[in-house]
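*Asks:* Here you go, data.cif (mmCIF, C-alpha atoms):
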data_structure
#
loop_
_atom_site.label_atom_id
_atom_site.label_comp_id
_atom_site.auth_asym_id
_atom_site.auth_seq_id
_atom_site.Cartn_x
_atom_site.Cartn_y
_atom_site.Cartn_z
CA MET R 1275 -1.23 50.24 -14.27
CA ASP R 1276 -1.15 52.36 -11.18
CA ASP R 1277 -0.22 51.08 -7.77
CA GLN R 1278 -3.82 50.80 -6.56
CA GLU R 1279 -4.71 48.56 -9.46
CA ILE R 1280 -1.64 46.38 -8.98
CA LYS R 1281 -2.45 46.03 -5.32
CA ARG R 1282 -5.95 44.85 -6.14
CA ILE R 1283 -4.57 42.28 -8.54
CA LEU R 1284 -2.08 41.03 -5.95
CA GLU R 1285 -4.90 40.78 -3.46
CA ALA R 1286 -6.94 38.69 -5.91
CA LEU R 1287 -4.04 36.38 -6.69
CA VAL R 1288 -3.21 35.70 -3.06
CA PHE R 1289 -6.85 35.23 -2.20
CA ALA R 1290 -7.43 32.68 -4.94
CA SER R 1291 -4.34 30.67 -4.16
CA GLU R 1292 -4.74 27.55 -2.06
CA ARG R 1293 -1.25 27.79 -0.69
CA PRO R 1294 1.30 30.52 0.02
CA LEU R 1295 2.17 32.41 -3.13
CA LEU R 1296 5.82 33.17 -3.77
CA VAL R 1297 6.90 36.50 -5.16
CA ASN R 1298 8.49 34.61 -8.09
CA GLU R 1299 5.18 33.01 -8.90
CA ILE R 1300 3.47 36.35 -8.82
CA LYS R 1301 6.21 37.69 -11.08
CA ASP R 1302 5.44 34.94 -13.58
CA VAL R 1303 1.92 36.19 -13.77
CA MET R 1304 2.72 39.92 -13.64
CA ALA R 1305 5.83 40.12 -15.78
CA GLU R 1306 5.58 43.86 -16.31
CA VAL R 1307 5.93 44.67 -12.64
CA ASP R 1308 9.31 44.28 -10.99
CA SER R 1309 9.77 42.07 -7.94
CA ARG R 1310 10.74 44.93 -5.70
CA LYS R 1311 7.46 46.69 -6.37
CA ILE R 1312 5.47 43.50 -5.91
CA ARG R 1313 7.06 42.99 -2.53
CA ASP R 1314 6.54 46.58 -1.45
CA LEU R 1315 2.91 46.57 -2.43
CA LEU R 1316 2.37 43.27 -0.67
CA GLU R 1317 3.82 44.83 2.46
CA GLU R 1318 1.41 47.73 2.07
CA LEU R 1319 -1.45 45.32 1.67
CA LYS R 1320 -0.29 43.46 4.72
CA THR R 1321 -0.44 46.63 6.80
CA GLU R 1322 -3.87 47.51 5.44
CA TYR R 1323 -5.22 44.18 6.58
CA GLN R 1324 -3.43 44.53 9.87
CA ASN R 1325 -5.33 47.73 10.54
CA ARG R 1326 -8.63 46.39 9.43
CA ASP R 1327 -11.06 44.58 11.65
CA ASN R 1328 -11.00 41.27 9.74
CA SER R 1329 -10.86 37.76 11.08
CA PHE R 1330 -8.08 37.04 8.59
CA LYS R 1331 -4.79 38.76 7.77
CA LEU R 1332 -2.22 38.76 5.00
CA VAL R 1333 0.65 36.70 6.28
CA GLU R 1334 4.07 35.74 5.05
CA VAL R 1335 4.55 32.03 5.63
CA ALA R 1336 6.77 29.32 4.13
CA GLY R 1337 8.43 31.96 1.99
CA GLY R 1338 5.20 33.10 0.40
CA PHE R 1339 2.13 35.20 1.01
CA GLN R 1340 -1.21 33.88 2.10
CA PHE R 1341 -4.38 34.99 3.75
CA CYS R 1342 -4.66 33.35 7.11
CA THR R 1343 -7.39 33.32 9.65
CA ASP R 1344 -6.65 34.75 13.05
CA PRO R 1345 -5.70 31.97 15.51
CA SER R 1346 -8.48 32.99 17.83
CA TYR R 1347 -10.93 31.45 15.37
CA SER R 1348 -9.21 28.06 15.35
CA ALA R 1349 -11.88 26.40 17.41
CA TRP R 1350 -14.53 27.26 14.84
CA LEU R 1351 -12.38 26.14 11.96
CA LYS R 1352 -11.61 22.86 13.67
CA LYS R 1353 -15.32 22.21 13.92
CA LEU R 1354 -15.71 22.87 10.22
CA TYR R 1355 -12.80 20.55 9.39
CA LYS R 1356 -14.21 17.75 11.53
CA ALA R 1357 -17.67 18.08 10.15
CA ARG R 1358 -16.44 18.08 6.58
CA HIS R 1359 -13.96 15.30 7.06
CA ALA R 1360 -16.51 13.12 8.77
CA GLU R 1361 -18.87 13.48 5.86
CA ARG R 1362 -16.50 11.97 3.31
CA LEU R 1363 -17.73 8.84 1.59
CA THR R 1364 -15.90 5.58 2.19
CA GLY R 1365 -14.07 3.80 -0.61
CA PRO R 1366 -16.68 1.11 -1.18
CA SER R 1367 -19.46 3.69 -1.09
CA MET R 1368 -17.66 5.81 -3.64
CA GLU R 1369 -17.11 2.86 -5.95
CA THR R 1370 -20.71 1.78 -5.77
CA LEU R 1371 -21.83 5.34 -6.33
CA ALA R 1372 -19.57 5.60 -9.37
CA ILE R 1373 -21.12 2.48 -10.86
CA ILE R 1374 -24.62 3.82 -10.35
CA ALA R 1375 -23.73 7.26 -11.67
CA TYR R 1376 -22.32 5.99 -14.92
CA LYS R 1377 -24.64 3.11 -15.60
CA GLN R 1378 -27.95 4.21 -14.18
CA PRO R 1379 -30.53 2.94 -13.84
CA MET R 1380 -29.18 -0.19 -12.20
CA THR R 1381 -30.57 -2.97 -10.06
CA ARG R 1382 -28.91 -4.19 -6.89
CA ALA R 1383 -28.01 -7.46 -8.63
CA GLU R 1384 -26.34 -5.67 -11.51
CA ILE R 1385 -24.28 -3.55 -9.15
CA GLU R 1386 -23.26 -6.59 -7.16
CA ALA R 1387 -22.25 -8.47 -10.29
CA LEU R 1388 -19.94 -5.63 -11.18
CA ARG R 1389 -18.52 -5.05 -7.71
CA GLY R 1390 -18.25 -8.71 -6.85
CA VAL R 1391 -19.61 -8.24 -3.36
CA ASN R 1392 -22.80 -7.54 -1.46
CA VAL R 1393 -23.85 -3.88 -1.58
CA ASP R 1394 -26.83 -3.79 0.78
CA GLY R 1395 -25.16 -1.69 3.45
CA VAL R 1396 -23.69 0.70 0.95
CA ILE R 1397 -26.96 1.23 -0.86
CA LYS R 1398 -28.64 2.03 2.41
CA THR R 1399 -25.96 4.60 3.21
CA LEU R 1400 -26.25 6.20 -0.21
CA LEU R 1401 -30.04 6.33 0.05
CA ASP R 1402 -29.81 7.84 3.53
CA ARG R 1403 -27.50 10.52 2.25
CA LYS R 1404 -29.87 11.13 -0.64
CA LEU R 1405 -27.14 10.63 -3.19
CA ILE R 1406 -29.16 7.95 -4.93
CA ARG R 1407 -32.87 7.27 -5.19
CA ILE R 1408 -35.24 4.56 -6.21
CA MET R 1409 -36.25 5.21 -9.77
CA GLY R 1410 -38.86 2.52 -10.03
CA ARG R 1411 -38.76 -1.11 -10.96
CA ARG R 1412 -37.50 -2.96 -13.96
CA GLU R 1413 -40.30 -4.77 -15.73
CA VAL R 1414 -38.80 -8.21 -15.69
CA ILE R 1415 -39.33 -11.26 -13.51
CA GLY R 1416 -39.03 -10.25 -9.89
CA ARG R 1417 -39.56 -6.58 -10.74
CA PRO R 1418 -36.30 -5.52 -9.07
CA ILE R 1419 -35.81 -1.99 -7.86
CA ILE R 1420 -33.65 0.27 -10.01
CA TYR R 1421 -31.44 3.00 -8.63
CA GLY R 1422 -30.20 6.29 -10.02
CA THR R 1423 -28.48 9.42 -8.78
CA THR R 1424 -30.17 12.51 -7.40
CA SER R 1425 -29.72 16.24 -7.83
CA GLN R 1426 -28.00 16.21 -4.44
CA PHE R 1427 -25.47 13.89 -6.03
CA LEU R 1428 -24.66 16.57 -8.61
CA GLU R 1429 -24.41 19.18 -5.91
CA TYR R 1430 -22.18 16.99 -3.75
CA PHE R 1431 -19.61 16.76 -6.51
CA GLY R 1432 -20.08 20.23 -7.87
CA LEU R 1433 -21.46 19.05 -11.20
CA ASN R 1434 -24.02 20.78 -13.34
CA ASP R 1435 -25.33 17.63 -14.95
CA LEU R 1436 -24.31 14.03 -15.57
CA SER R 1437 -22.51 14.87 -18.80
CA GLN R 1438 -19.87 16.54 -16.64
CA LEU R 1439 -18.88 13.25 -15.01
CA PRO R 1440 -15.19 12.51 -15.57
CA LYS R 1441 -14.73 10.32 -18.63
CA LEU R 1442 -14.40 6.60 -18.06
CA GLU R 1443 -11.09 5.07 -19.03
CA GLU R 1444 -12.11 2.39 -21.46
CA PHE R 1445 -9.82 -0.61 -21.67
CA SER R 1446 -8.75 -1.76 -25.07
CA ALA R 1447 -10.68 -4.72 -26.40
CA GLU R 1448 -7.78 -5.82 -28.57
CA ALA R 1449 -5.49 -6.14 -25.58
CA LEU R 1450 -8.05 -8.42 -24.04
CA GLU R 1451 -8.25 -10.56 -27.15
CA GLY R 1452 -4.52 -10.82 -27.27
CA LEU R 1453 -4.31 -12.69 -24.00
CA LYS R 1454 -1.65 -15.32 -24.29
CA THR R 1455 -3.25 -18.74 -24.17
CA GLY R 1456 -1.21 -19.74 -21.19
CA GLU R 1457 1.71 -21.61 -22.67
CA GLY R 1458 4.83 -20.71 -20.82
CA ASN R 1459 2.79 -18.91 -18.25
CA GLU R 1460 2.70 -21.67 -15.69
CA GLN R 1461 6.34 -22.62 -16.15
CA SER R 1462 7.71 -19.18 -15.46
CA GLN R 1463 6.84 -17.99 -12.01
CA GLU R 1464 8.01 -14.42 -12.29
CA PRO R 1465 5.50 -11.69 -13.05
CA ALA R 1466 4.93 -10.95 -16.71
CA GLN R 1467 6.17 -7.80 -18.43
CA GLU R 1468 4.26 -4.56 -18.01
CA ASN R 1469 1.87 -4.08 -20.93
CA MET K 232 -11.91 -16.34 22.57
CA SER K 233 -14.12 -13.97 24.48
CA TYR K 234 -13.90 -10.88 22.31
CA LYS K 235 -15.37 -11.12 18.86
CA VAL K 236 -14.47 -8.44 16.39
CA LYS K 237 -17.33 -7.58 14.11
CA LEU K 238 -16.12 -6.19 10.87
CA ASP K 239 -18.20 -5.69 7.81
CA ILE K 240 -16.03 -6.28 4.84
CA PHE K 241 -17.31 -4.23 2.00
CA GLU K 242 -14.32 -4.90 -0.09
CA GLY K 243 -14.82 -7.97 -2.19
CA PRO K 244 -12.80 -10.54 -4.12
CA LEU K 245 -12.37 -8.23 -7.10
CA ASP K 246 -10.92 -5.58 -4.81
CA LEU K 247 -8.53 -8.15 -3.40
CA LEU K 248 -7.44 -9.31 -6.84
CA LEU K 249 -6.86 -5.78 -8.05
CA TYR K 250 -4.95 -5.10 -4.86
CA LEU K 251 -2.71 -8.11 -5.43
CA ILE K 252 -2.19 -7.19 -9.06
CA LYS K 253 -1.12 -3.72 -8.08
CA LYS K 254 1.03 -4.83 -5.19
CA GLU K 255 2.90 -7.50 -7.12
CA GLU K 256 3.00 -5.32 -10.23
CA LEU K 257 1.37 -7.96 -12.33
CA ASP K 258 0.29 -7.45 -15.89
CA ILE K 259 -3.48 -7.55 -15.83
CA TYR K 260 -3.46 -8.70 -19.45
CA ASP K 261 -1.27 -11.65 -18.58
CA ILE K 262 -1.92 -12.65 -15.01
CA PRO K 263 0.31 -15.42 -13.65
CA ILE K 264 -2.55 -17.52 -12.45
CA SER K 265 -0.65 -19.81 -10.06
CA LYS K 266 0.94 -16.96 -8.27
CA ILE K 267 -2.16 -14.91 -7.84
CA THR K 268 -4.21 -17.92 -6.76
CA GLU K 269 -1.64 -18.73 -4.13
CA GLN K 270 -1.62 -15.20 -2.76
CA TYR K 271 -5.35 -14.92 -2.88
CA LEU K 272 -5.81 -18.12 -0.90
CA GLN K 273 -3.28 -16.91 1.61
CA TYR K 274 -5.27 -13.76 2.23
CA LEU K 275 -8.38 -15.85 2.69
CA GLU K 276 -6.51 -17.89 5.27
CA PHE K 277 -5.72 -14.74 7.18
CA LEU K 278 -9.30 -13.62 7.07
CA LYS K 279 -10.36 -16.98 8.43
CA LEU K 280 -7.63 -16.90 11.05
CA LEU K 281 -8.92 -13.58 12.28
CA ASP K 282 -12.40 -15.01 12.35
CA LEU K 283 -13.71 -12.22 10.20
CA ASP K 284 -16.91 -12.72 8.33
CA ILE K 285 -15.95 -13.79 4.85
CA ALA K 286 -18.56 -13.29 2.22
CA GLY K 287 -19.43 -16.32 0.13
CA ASP K 288 -18.22 -14.33 -2.86
CA PHE K 289 -14.66 -14.74 -1.66
CA LEU K 290 -15.01 -18.48 -1.65
CA VAL K 291 -16.67 -18.51 -5.05
CA MET K 292 -13.75 -16.53 -6.42
CA ALA K 293 -11.29 -18.95 -4.82
CA ALA K 294 -13.01 -21.77 -6.64
CA THR K 295 -13.00 -19.77 -9.88
CA LEU K 296 -9.28 -19.12 -9.62
CA MET K 297 -8.48 -22.74 -9.01
CA HIS K 298 -10.69 -23.74 -11.90
CA ILE K 299 -8.89 -21.34 -14.23
CA LYS K 300 -5.57 -22.57 -12.98
CA SER K 301 -6.40 -26.18 -13.66
CA LYS K 302 -7.61 -25.34 -17.14
CA MET K 303 -4.37 -23.61 -17.91
CA LEU K 304 -2.33 -26.54 -16.75
CA LEU K 305 -4.07 -28.88 -19.16
CA PRO K 306 -2.27 -29.55 -22.43
CA PRO K 307 -3.88 -27.96 -25.50
CA ASP K 308 -6.78 -30.02 -26.75
CA GLU K 309 -5.75 -31.79 -29.98
CA LEU K 310 -9.36 -32.33 -30.80
CA ALA K 311 -10.12 -28.64 -30.55
CA GLN K 312 -12.21 -27.10 -33.32
CA GLU K 313 -10.93 -24.42 -35.63
CA GLU K 314 -12.41 -21.73 -33.45
CA GLU K 315 -9.85 -20.18 -31.21
CA GLU K 316 -9.69 -21.58 -27.76
CA GLN K 317 -10.65 -18.92 -25.33
CA ASP K 318 -8.05 -18.07 -22.75
CA PRO K 319 -9.44 -19.39 -19.47
CA ARG K 320 -8.52 -16.11 -17.81
CA GLU K 321 -10.40 -13.95 -20.25
CA GLU K 322 -13.71 -13.80 -18.42
CA LEU K 323 -12.05 -12.94 -15.14
CA VAL K 324 -9.82 -10.33 -16.71
CA ARG K 325 -12.83 -8.78 -18.38
CA ARG K 326 -14.57 -8.52 -15.02
CA LEU K 327 -11.48 -7.05 -13.41
CA LEU K 328 -11.03 -4.46 -16.13
CA GLU K 329 -14.68 -3.52 -16.02
CA TYR K 330 -14.52 -3.03 -12.28
CA LYS K 331 -11.17 -1.23 -12.47
CA LYS K 332 -12.79 1.32 -14.74
CA PHE K 333 -15.17 2.27 -11.98
CA LYS K 334 -12.54 2.24 -9.29
CA GLU K 335 -10.68 4.83 -11.29
CA ALA K 336 -13.85 6.78 -11.83
CA ALA K 337 -14.43 6.66 -8.09
CA SER K 338 -10.99 8.12 -7.60
CA SER K 339 -11.84 11.02 -9.90
CA LEU K 340 -15.06 11.54 -8.02
CA ARG K 341 -13.05 11.59 -4.83
CA ASP K 342 -11.06 14.51 -6.19
CA LEU K 343 -14.26 16.35 -6.97
CA GLU K 344 -15.53 15.63 -3.50
CA GLN K 345 -12.40 17.03 -1.93
CA ARG K 346 -12.45 20.15 -4.02
CA ARG K 347 -16.09 20.64 -3.27
CA MET K 348 -15.51 20.34 0.44
CA GLY K 349 -12.85 22.99 0.24
CA ILE K 350 -10.35 20.86 2.05
CA PHE K 351 -7.78 23.41 1.01
CA THR K 352 -8.26 26.24 3.42
CA ARG K 353 -6.51 29.35 4.49
CA THR K 354 -5.79 28.68 8.12
CA SER K 355 -3.49 30.13 10.69
CA THR K 356 -1.98 27.66 13.14
CA PRO K 357 1.13 25.78 11.96
CA GLN K 358 -0.39 22.36 12.51
CA GLU K 359 -3.50 23.07 10.50
CA PHE K 360 -1.29 24.60 7.89
CA VAL K 361 0.66 21.39 7.47
CA GLU K 362 -2.51 19.39 7.20
CA ALA K 363 -3.94 21.71 4.63
CA SER K 364 -0.94 22.12 2.39
CA GLY K 365 1.40 19.29 2.99
CA GLU K 366 1.52 15.60 3.37
CA GLU K 367 -0.48 13.51 1.04
CA TYR K 368 -1.77 10.38 2.55
CA PHE K 369 -3.15 7.28 0.96
CA GLU K 370 -6.17 5.47 2.17
CA VAL K 371 -5.46 2.18 3.83
CA SER K 372 -7.60 -0.76 2.83
CA LEU K 373 -8.31 -3.90 4.78
CA PHE K 374 -5.89 -5.72 2.50
CA ASP K 375 -3.12 -3.30 3.35
CA LEU K 376 -3.72 -4.10 7.00
CA ILE K 377 -3.70 -7.81 6.32
CA ASN K 378 -0.50 -7.36 4.39
CA ALA K 379 1.13 -5.70 7.40
CA PHE K 380 -0.29 -8.43 9.58
CA SER K 381 1.21 -11.18 7.44
CA LYS K 382 4.61 -9.48 7.57
CA ALA K 383 4.38 -9.27 11.35
CA LEU K 384 3.52 -12.95 11.56
CA LYS K 385 6.63 -13.78 9.58
CA ASP K 386 8.86 -11.63 11.74
CA VAL K 387 7.65 -12.82 15.09
CA PRO K 388 9.76 -15.45 16.90
CA LYS K 389 8.62 -18.92 15.96
CA GLU K 390 6.65 -20.77 18.55
CA LEU K 391 4.19 -23.58 18.72
CA PHE K 392 1.10 -22.00 17.34
CA GLN K 393 -1.84 -22.07 19.72
CA GLU K 394 -5.26 -22.19 18.19
CA ILE K 395 -7.16 -20.72 21.07
CA ILE K 396 -6.09 -17.27 22.10
CA LYS K 397 -4.86 -17.56 25.64
CA ASP K 398 -6.16 -15.20 28.22
CA GLU K 399 -2.62 -13.92 28.56
CA PHE K 400 -3.35 -11.34 25.96
CA THR K 401 -6.92 -10.43 25.40
CA VAL K 402 -8.18 -8.07 22.78
CA GLU K 403 -9.73 -5.89 25.47
CA GLN K 404 -6.41 -5.56 27.19
CA LYS K 405 -4.62 -4.57 24.02
CA ILE K 406 -7.28 -2.02 23.20
CA HIS K 407 -6.77 -0.60 26.66
CA ASP K 408 -2.99 -0.52 26.22
CA PHE K 409 -3.11 1.14 22.83
CA TYR K 410 -5.60 3.65 24.04
CA HIS K 411 -3.11 4.77 26.65
CA MET K 412 -0.27 4.78 24.16
CA LEU K 413 -2.26 7.01 21.88
CA VAL K 414 -2.95 9.44 24.68
CA GLU K 415 0.79 10.07 24.84
CA GLN K 416 1.56 9.84 21.14
CA PRO K 417 -0.87 11.01 18.51
CA VAL K 418 0.74 8.93 15.78
CA ILE K 419 2.15 5.42 16.03
CA TYR K 420 3.45 3.10 13.35
CA LEU K 421 1.63 -0.20 13.03
CA SER K 422 4.95 -1.99 12.70
CA GLU K 423 5.92 -0.52 16.07
CA LEU K 424 2.89 -2.12 17.70
CA PHE K 425 3.58 -5.46 16.05
CA GLY K 426 7.23 -5.19 17.03
CA LYS K 427 6.30 -5.60 20.65
CA ALA K 428 4.67 -8.99 20.07
CA LYS K 429 6.43 -11.99 21.47
CA ASN K 430 4.54 -14.69 19.64
CA LYS K 431 1.92 -15.36 17.01
CA PRO K 432 -1.17 -15.23 19.23
CA GLU K 433 -0.05 -11.83 20.44
CA VAL K 434 0.29 -10.58 16.87
CA ILE K 435 -3.25 -11.69 16.18
CA VAL K 436 -4.61 -10.03 19.28
CA ILE K 437 -2.80 -6.80 18.46
CA PHE K 438 -4.28 -6.86 14.99
CA LEU K 439 -7.80 -7.47 16.22
CA ALA K 440 -7.42 -4.65 18.72
CA VAL K 441 -6.40 -2.27 15.95
CA LEU K 442 -9.35 -3.32 13.80
CA GLU K 443 -11.70 -2.77 16.68
CA LEU K 444 -10.29 0.68 17.41
CA ILE K 445 -10.82 1.54 13.76
CA ARG K 446 -14.37 0.29 13.89
CA LEU K 447 -15.06 2.34 17.02
CA LYS K 448 -13.63 5.32 15.20
CA GLU K 449 -11.12 5.93 17.97
CA ILE K 450 -8.35 5.89 15.40
CA THR K 451 -7.80 6.16 11.68
CA VAL K 452 -5.05 4.61 9.62
CA ARG K 453 -3.12 6.07 6.72
CA GLN K 454 0.10 5.63 4.78
CA LYS K 455 2.47 8.09 3.15
CA SER K 456 3.12 5.91 0.14
CA MET K 457 1.28 3.10 -1.57
CA PHE K 458 2.14 -0.10 0.32
CA GLY K 459 4.25 1.93 2.74
CA ASP K 460 4.35 1.88 6.52
CA ILE K 461 0.95 2.21 8.06
CA GLU K 462 0.45 4.96 10.58
CA ILE K 463 -2.15 4.91 13.31
CA VAL K 464 -3.57 8.28 14.15
CA ARG K 465 -5.72 8.96 17.14
CA ASN K 466 -9.04 10.59 16.60
CA ALA K 467 -8.50 13.85 18.46
CA GLU K 468 -12.12 14.14 19.39
CA LYS K 469 -12.14 10.86 21.20
CA ILE K 470 -8.67 10.41 22.57
CA ARG K 471 -7.44 13.47 24.38
CA PRO K 472 -4.12 14.04 26.09
CA GLN K 473 -4.44 13.70 29.87
CA ALA K 474 -7.55 11.58 29.45
CA THR K 475 -8.73 10.00 32.62
CA ASP K 476 -8.59 6.23 32.82
CA LYS K 477 -11.22 4.85 30.52
CA GLY K 478 -10.77 1.23 31.67
#
Could you quickly redo this structure as structure tokens?
*Replies:*
Amino acid sequence: MDDQEIKRILEALVFASERPLLVNEIKDVMAEVDSRKIRDLLEELKTEYQNRDNSFKLVEVAGGFQFCTDPSYSAWLKKLYKARHAERLTGPSMETLAIIAYKQPMTRAEIEALRGVNVDGVIKTLLDRKLIRIMGRREVIGRPIIYGTTSQFLEYFGLNDLSQLPKLEEFSAEALEGLKTGEGNEQSQEPAQEN
Amino acid sequence: MSYKVKLDIFEGPLDLLLYLIKKEELDIYDIPISKITEQYLQYLEFLKLLDLDIAGDFLVMAATLMHIKSKMLLPPDELAQEEEEQDPREELVRRLLEYKKFKEAASSLRDLEQRRMGIFTRTSTPQEFVEASGEEYFEVSLFDLINAFSKALKDVPKELFQEIIKDEFTVEQKIHDFYHMLVEQPVIYLSELFGKAKNKPEVIVIFLAVLELIRLKEITVRQKSMFGDIEIVRNAEKIRPQATDKG
């Protein structure tokens, strides 16, 4: 590999990394190139970016290399941070959403039975944010509304389709059956052993 | 009491039970029913003390727990049929496990959400850098706050407990005080705030003030470790250094 090519690879590695990349780490990936060369080429890259009219530079920070935006753009970035952080779903909303996602379609009553608490406010929030929608009504007494997730839901979590949802951790049914029937449980007050 | 804190509790009895199980490191497949009932009822007492709106579900669960407890205290029925006696806790444990499944799923979804939002960024100023790369914080739930509150109540000097909050400390006043504190210091420990209390009513008022500030989104709370010290962080947008008096 010639120097140009190595430089491009270094550039790609640093760009893709979420945090400063150490020369050692780069060496792990590019075993054939010696550390001295890696460092020299990174320095060259650094200068190239310095001379370019970019809003970000190649910087050495915390012992590693990283692309960093120029401080003069901080105000804009802060706005982005705030906006994104403010949009995060709350715990209860996330839990309710998880239930709907995995078990859809579900009625309000079914969700509440599972969560053990009223979900009116949360459902409204999720509807407002278009993460869930009304899918119709269940044809039973009362004809309750059933809810399901939307395509925005998939987009929000970066999923292609529902099959990509993280797998549910099923609890073991046997462990449940093996519950001790309570003898000795009330006498001893200390917590039981970890399963 | 003039100031009423309105707090919607979206966390329910199952959340509280799972919280207690985690905190006390209990075995969910063999829950010590007396212990958990006792703790559960204590938390309910705190909620009532703070005059927060308790959902009926909490009370139903309290009754359920006591019912299970009484069943377990009964001697085994000699007249029982050959069929196995069901453990009185089984239904509750099943519900807890079922719900726990989704709590864990929610946690995975949270990771996806974070990744999607690109919370990891390539920024330039040291402070932003720390936020992006460094400290991991845990979310603080209402029960964590109540936990801190109960500790503070224990530590405060004993005094004749007064039912009505005296006008000596009002919630409005505390909110005002904390607001000013936060102007100087962006991060304060909750235990620090409680430490200044001289008696129980003051602890309660401090707690209500903190809840209200959270509700108004003037502050957020976080903790570095599960069940660790709770930090109060000012919302930079709302509370600025050198803010003029907001009375």
*Asks:* Nearest to chain R: which of K:Thr451, K:Leu272, K:Asn430, K:Thr401 is it, counting all atoms listed in the file?
*Replies:*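 Ranked by minimum distance to chain R, first place goes to K:Thr451.
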*Asks:* Applied to the shown file, which residues does the PyMOL selection byres ((chain K and resi 412) around 12) return, written as a list of chain:residue names?
*Replies:*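 With the shown file as input, the PyMOL selection byres ((chain K and resi 412) around 12) matches K:Lys405, K:Ile406, K:His407, K:Asp408, K:Phe409, K:Tyr410, K:His411, K:Leu413, K:Val414, K:Glu415, K:Gln416, K:Pro417, K:Val418, K:Ile419, K:Tyr420, K:Glu423, K:Leu424, K:Ile450, K:Ile463, K:Val464, K:Arg465, K:Ile470, K:Arg471, K:Pro472, K:Gln473, K:Ala474.
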*Asks:* Tell me, in Å to one decimal, how far atom CA of K:Tyr274 is from atom CA of K:Ile377.
*Replies:*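 Interatomic distance, atom CA of K:Tyr274 to atom CA of K:Ile377: 7.4 Å.
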*Asks:* Just say which residues the PyMOL selection byres ((chain R and resi 1403-1407) around 8) picks in this file, as a tab-separated table (two decimals) with C-alpha atoms, keeping the file's coordinate frame.
*Replies:*
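File written: out27.tsv
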chain	number	residue	atom	x	y	z
R	1371	LEU	CA	-21.83	5.34	-6.33
R	1399	THR	CA	-25.96	4.60	3.21
R	1400	LEU	CA	-26.25	6.20	-0.21
R	1401	LEU	CA	-30.04	6.33	0.05
R	1402	ASP	CA	-29.81	7.84	3.53
R	1408	ILE	CA	-35.24	4.56	-6.21
R	1409	MET	CA	-36.25	5.21	-9.77
R	1421	TYR	CA	-31.44	3.00	-8.63
R	1422	GLY	CA	-30.20	6.29	-10.02
R	1423	THR	CA	-28.48	9.42	-8.78
R	1424	THR	CA	-30.17	12.51	-7.40
R	1425	SER	CA	-29.72	16.24	-7.83
R	1426	GLN	CA	-28.00	16.21	-4.44
R	1427	PHE	CA	-25.47	13.89	-6.03
*Asks:* If the PyMOL selection byres ((chain K and resi 262) around 9) is run on the structure shown, which residues does it catch, given as an NGL selection string?
*Replies:* (:R and (1459 or 1465-1466)) or (:K and (252 or 257-261 or 263-267 or 320 or 324))
*Asks:* My list of candidates is K:Ser422, K:Ser381, K:Ser339, K:Gln404. Which is closest to chain R when distances are computed with all atoms listed in the file?
*Replies:*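 Using all atoms listed in the file, the shortest distance to chain R belongs to K:Ser339.
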*Asks:* Pull the closest atom pair for each residue of stretch 1332-1400 of chain R that gets at most 6 Å from stretch 1282-1300 of chain R, along with the distance in Å to one decimal, counting all atoms listed in the file, ordering rows by chain and then ascending residue number, as JSON lines.
*Replies:*
{"residue": "R:Gly1338", "atom": "CA", "partner": "R:Leu1296", "partner_atom": "CA", "distance": 4.2}
{"residue": "R:Phe1339", "atom": "CA", "partner": "R:Pro1294", "partner_atom": "CA", "distance": 4.9}
{"residue": "R:Gln1340", "atom": "CA", "partner": "R:Pro1294", "partner_atom": "CA", "distance": 4.7}
*Asks:* Rounded to one decimal in Å, what is the spacing between atom CA of R:Ile1374 and atom CA of R:Val1414?
*Replies:*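 Taking atom CA of R:Ile1374 and atom CA of R:Val1414, their separation equals 19.3 Å.
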*Asks:* Enter the distance from atom CA of K:Val402 to atom CA of K:Val436, in Å, rounded to one decimal.
*Replies:*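 Separation of atom CA of K:Val402 and atom CA of K:Val436: 5.4 Å.
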*Asks:* As a ChimeraX atom specification, please: the residues near R:Asn1392 (cut-off 10 Å, all atoms listed in the file, same-chain neighbours under 6 positions excluded).
*Replies:* /R:1382-1383,1385-1386 /K:240-243,286-288
*Asks:* Taking (-5.0, 36.5, 19.5) in the file's coordinates as the center, which residues reach within 12 Å of it, counting all atoms listed in the file, put as a list of chain:residue names?
*Replies:* R:Ser1329, R:Phe1330, R:Lys1331, R:Thr1343, R:Asp1344, R:Pro1345, R:Ser1346, R:Tyr1347, R:Ser1348, K:Ser355, K:Thr356
